[in-house]
Structures are given as structure tokens and as C-alpha cells.
Amino acid sequence: MATVDLYWLPLGAGGHFVRLNGRLYEALTARMQRRPAYDLYHSALQVKLPEGTFVIEQAPVHDWSGNDRGV
């Protein structure tokens with residue numbers, strides 16, 4: 001039997017450096033865009049197969065095209 005679990009992880013969970021820089025970046029970006037600062041997350045998939053368990057992390061994806069992705 002195989003399973004897939006999706007996890008939403010707060011940015012910097014387990015590390016102060018990433019959390020501090022992420023909050024600073026988000027605060028500056030929010031101020032430039034005249035909006036409130038948001039909490040930042042990234043996602044991870046945990047895939048369990050008979051061969052073993054695999055974790056795939058996804059960091060934020062930048063919108064280089066300039067189109068709002070609505071995520």
C-alpha cells in the first residue's frame with residue numbers, strides 16, 4: 001500500500017537564520033506593496049511505498065512571469 005501526505009511547514013522551522021531573513025524579506029516586500037506581512041510556509045510531500053519512505057520538499061516558487069498565480 002502507498003500513501004502520500006502533504007505538510008505545510010512554517011518557514012524556518014528548526015532554524016533561526018532562515019526564519020529571521022524570511023520575516024525581514026516579507027516585511028520589506030509587504031511594505032513596498034502596501035499590504036500586511038503574511039506568514040510564510042513551504043510544503044513537503046511524504047510518500048510511503050513498500051520500498052521506503054521519501055520526503056520531497058518544495059520551497060517557494062517565484063512568479064518571474066509577472067502573473068499572479070493566486071497561491
# chains A, B, ... in the order shown; residues from 1 in each chain; ligands from 1
>>> select_by_dssp(residues="segment 13-67 of chain A", states="strand (DSSP E or B)", output="list of chain:residue names")
A:Tyr41, A:His42, A:Ser43, A:Ala44, A:Leu45, A:Gln46, A:Val47, A:Lys48, A:Leu49, A:Gly52, A:Thr53, A:Phe54, A:Val55, A:Ile56, A:Glu57, A:Gln58
>>> write_last_selection(atoms="N, CA and C atoms", output="mmCIF file, in the first residue's frame")
data_model
loop_
_atom_site.group_PDB
_atom_site.id
_atom_site.type_symbol
_atom_site.label_atom_id
_atom_site.label_comp_id
_atom_site.auth_asym_id
_atom_site.auth_seq_id
_atom_site.Cartn_x
_atom_site.Cartn_y
_atom_site.Cartn_z
ATOM 1 N N TYR A 41 5.215 29.897 4.414
ATOM 2 C CA TYR A 41 5.249 28.446 4.541
ATOM 3 C C TYR A 41 5.889 27.836 3.304
ATOM 4 N N HIS A 42 6.365 26.621 3.454
ATOM 5 C CA HIS A 42 6.697 25.816 2.298
ATOM 6 C C HIS A 42 6.055 24.463 2.526
ATOM 7 N N SER A 43 6.037 23.648 1.504
ATOM 8 C CA SER A 43 5.316 22.382 1.597
ATOM 9 C C SER A 43 6.260 21.195 1.466
ATOM 10 N N ALA A 44 5.782 20.072 1.937
ATOM 11 C CA ALA A 44 6.530 18.825 1.801
ATOM 12 C C ALA A 44 5.547 17.684 1.559
ATOM 13 N N LEU A 45 5.930 16.793 0.689
ATOM 14 C CA LEU A 45 5.171 15.567 0.466
ATOM 15 C C LEU A 45 5.941 14.417 1.086
ATOM 16 N N GLN A 46 5.250 13.596 1.846
ATOM 17 C CA GLN A 46 5.852 12.379 2.376
ATOM 18 C C GLN A 46 5.190 11.217 1.655
ATOM 19 N N VAL A 47 5.984 10.479 0.896
ATOM 20 C CA VAL A 47 5.494 9.368 0.095
ATOM 21 C C VAL A 47 5.972 8.074 0.735
ATOM 22 N N LYS A 48 5.025 7.229 1.134
ATOM 23 C CA LYS A 48 5.368 5.926 1.727
ATOM 24 C C LYS A 48 5.041 4.839 0.716
ATOM 25 N N LEU A 49 6.069 4.075 0.366
ATOM 26 C CA LEU A 49 5.960 2.968 -0.567
ATOM 27 C C LEU A 49 6.509 1.720 0.096
ATOM 28 N N GLY A 52 10.198 2.058 0.693
ATOM 29 C CA GLY A 52 10.699 3.008 1.679
ATOM 30 C C GLY A 52 9.867 4.273 1.720
ATOM 31 N N THR A 53 10.290 5.201 2.572
ATOM 32 C CA THR A 53 9.617 6.484 2.724
ATOM 33 C C THR A 53 10.494 7.572 2.128
ATOM 34 N N PHE A 54 9.869 8.450 1.348
ATOM 35 C CA PHE A 54 10.578 9.520 0.674
ATOM 36 C C PHE A 54 9.905 10.844 1.017
ATOM 37 N N VAL A 55 10.707 11.882 1.249
ATOM 38 C CA VAL A 55 10.177 13.212 1.532
ATOM 39 C C VAL A 55 10.654 14.166 0.449
ATOM 40 N N ILE A 56 9.713 14.896 -0.124
ATOM 41 C CA ILE A 56 10.006 15.852 -1.185
ATOM 42 C C ILE A 56 9.583 17.223 -0.669
ATOM 43 N N GLU A 57 10.551 18.112 -0.485
ATOM 44 C CA GLU A 57 10.238 19.470 -0.015
ATOM 45 C C GLU A 57 10.133 20.419 -1.192
ATOM 46 N N GLN A 58 9.211 21.367 -1.075
ATOM 47 C CA GLN A 58 9.035 22.390 -2.097
ATOM 48 C C GLN A 58 9.197 23.753 -1.461
#
>>> select_by_dssp(residues="chain A", states="helix (DSSP H, G or I)", output="list of chain:residue names")
A:His16, A:Phe17, A:Val18, A:Arg19, A:Leu20, A:Asn21, A:Gly22, A:Arg23, A:Leu24, A:Tyr25, A:Glu26, A:Ala27, A:Leu28, A:Thr29, A:Ala30, A:Arg31, A:Met32
>>> write_last_selection(atoms="N, CA and C atoms", output="mmCIF file, in the first residue's frame")
data_model
loop_
_atom_site.group_PDB
_atom_site.id
_atom_site.type_symbol
_atom_site.label_atom_id
_atom_site.label_comp_id
_atom_site.auth_asym_id
_atom_site.auth_seq_id
_atom_site.Cartn_x
_atom_site.Cartn_y
_atom_site.Cartn_z
ATOM 1 N N HIS A 16 16.900 29.468 13.022
ATOM 2 C CA HIS A 16 16.633 30.880 13.289
ATOM 3 C C HIS A 16 17.034 31.775 12.120
ATOM 4 N N PHE A 17 18.107 31.440 11.419
ATOM 5 C CA PHE A 17 18.622 32.275 10.334
ATOM 6 C C PHE A 17 17.594 32.409 9.213
ATOM 7 N N VAL A 18 17.037 31.293 8.770
ATOM 8 C CA VAL A 18 16.052 31.311 7.686
ATOM 9 C C VAL A 18 14.790 32.038 8.130
ATOM 10 N N ARG A 19 14.355 31.789 9.335
ATOM 11 C CA ARG A 19 13.138 32.436 9.833
ATOM 12 C C ARG A 19 13.313 33.955 9.889
ATOM 13 N N LEU A 20 14.433 34.423 10.437
ATOM 14 C CA LEU A 20 14.688 35.862 10.558
ATOM 15 C C LEU A 20 14.765 36.523 9.183
ATOM 16 N N ASN A 21 15.530 35.947 8.270
ATOM 17 C CA ASN A 21 15.661 36.524 6.936
ATOM 18 C C ASN A 21 14.358 36.464 6.155
ATOM 19 N N GLY A 22 13.598 35.395 6.332
ATOM 20 C CA GLY A 22 12.300 35.290 5.663
ATOM 21 C C GLY A 22 11.324 36.344 6.155
ATOM 22 N N ARG A 23 11.305 36.573 7.469
ATOM 23 C CA ARG A 23 10.414 37.605 8.026
ATOM 24 C C ARG A 23 10.829 39.003 7.567
ATOM 25 N N LEU A 24 12.130 39.239 7.533
ATOM 26 C CA LEU A 24 12.625 40.535 7.076
ATOM 27 C C LEU A 24 12.262 40.760 5.610
ATOM 28 N N TYR A 25 12.502 39.767 4.787
ATOM 29 C CA TYR A 25 12.158 39.864 3.363
ATOM 30 C C TYR A 25 10.662 40.117 3.182
ATOM 31 N N GLU A 26 9.825 39.357 3.880
ATOM 32 C CA GLU A 26 8.376 39.515 3.753
ATOM 33 C C GLU A 26 7.927 40.885 4.254
ATOM 34 N N ALA A 27 8.510 41.380 5.336
ATOM 35 C CA ALA A 27 8.147 42.703 5.865
ATOM 36 C C ALA A 27 8.474 43.793 4.845
ATOM 37 N N LEU A 28 9.661 43.719 4.243
ATOM 38 C CA LEU A 28 10.048 44.724 3.242
ATOM 39 C C LEU A 28 9.180 44.633 1.988
ATOM 40 N N THR A 29 8.930 43.429 1.533
ATOM 41 C CA THR A 29 8.100 43.238 0.345
ATOM 42 C C THR A 29 6.678 43.726 0.599
ATOM 43 N N ALA A 30 6.129 43.397 1.762
ATOM 44 C CA ALA A 30 4.781 43.831 2.101
ATOM 45 C C ALA A 30 4.698 45.352 2.162
ATOM 46 N N ARG A 31 5.696 45.971 2.733
ATOM 47 C CA ARG A 31 5.694 47.439 2.822
ATOM 48 C C ARG A 31 5.744 48.075 1.432
ATOM 49 N N MET A 32 6.579 47.526 0.548
ATOM 50 C CA MET A 32 6.672 48.058 -0.816
ATOM 51 C C MET A 32 5.353 47.865 -1.579
#
>>> atom_distance(atom1="atom CA of Leu11 of chain A", atom2="atom CA of Leu40 of chain A")
5.4 Å
>>> atom_distance(atom1="atom CA of Pro50 of chain A", atom2="atom CA of Val4 of chain A")
12.5 Å
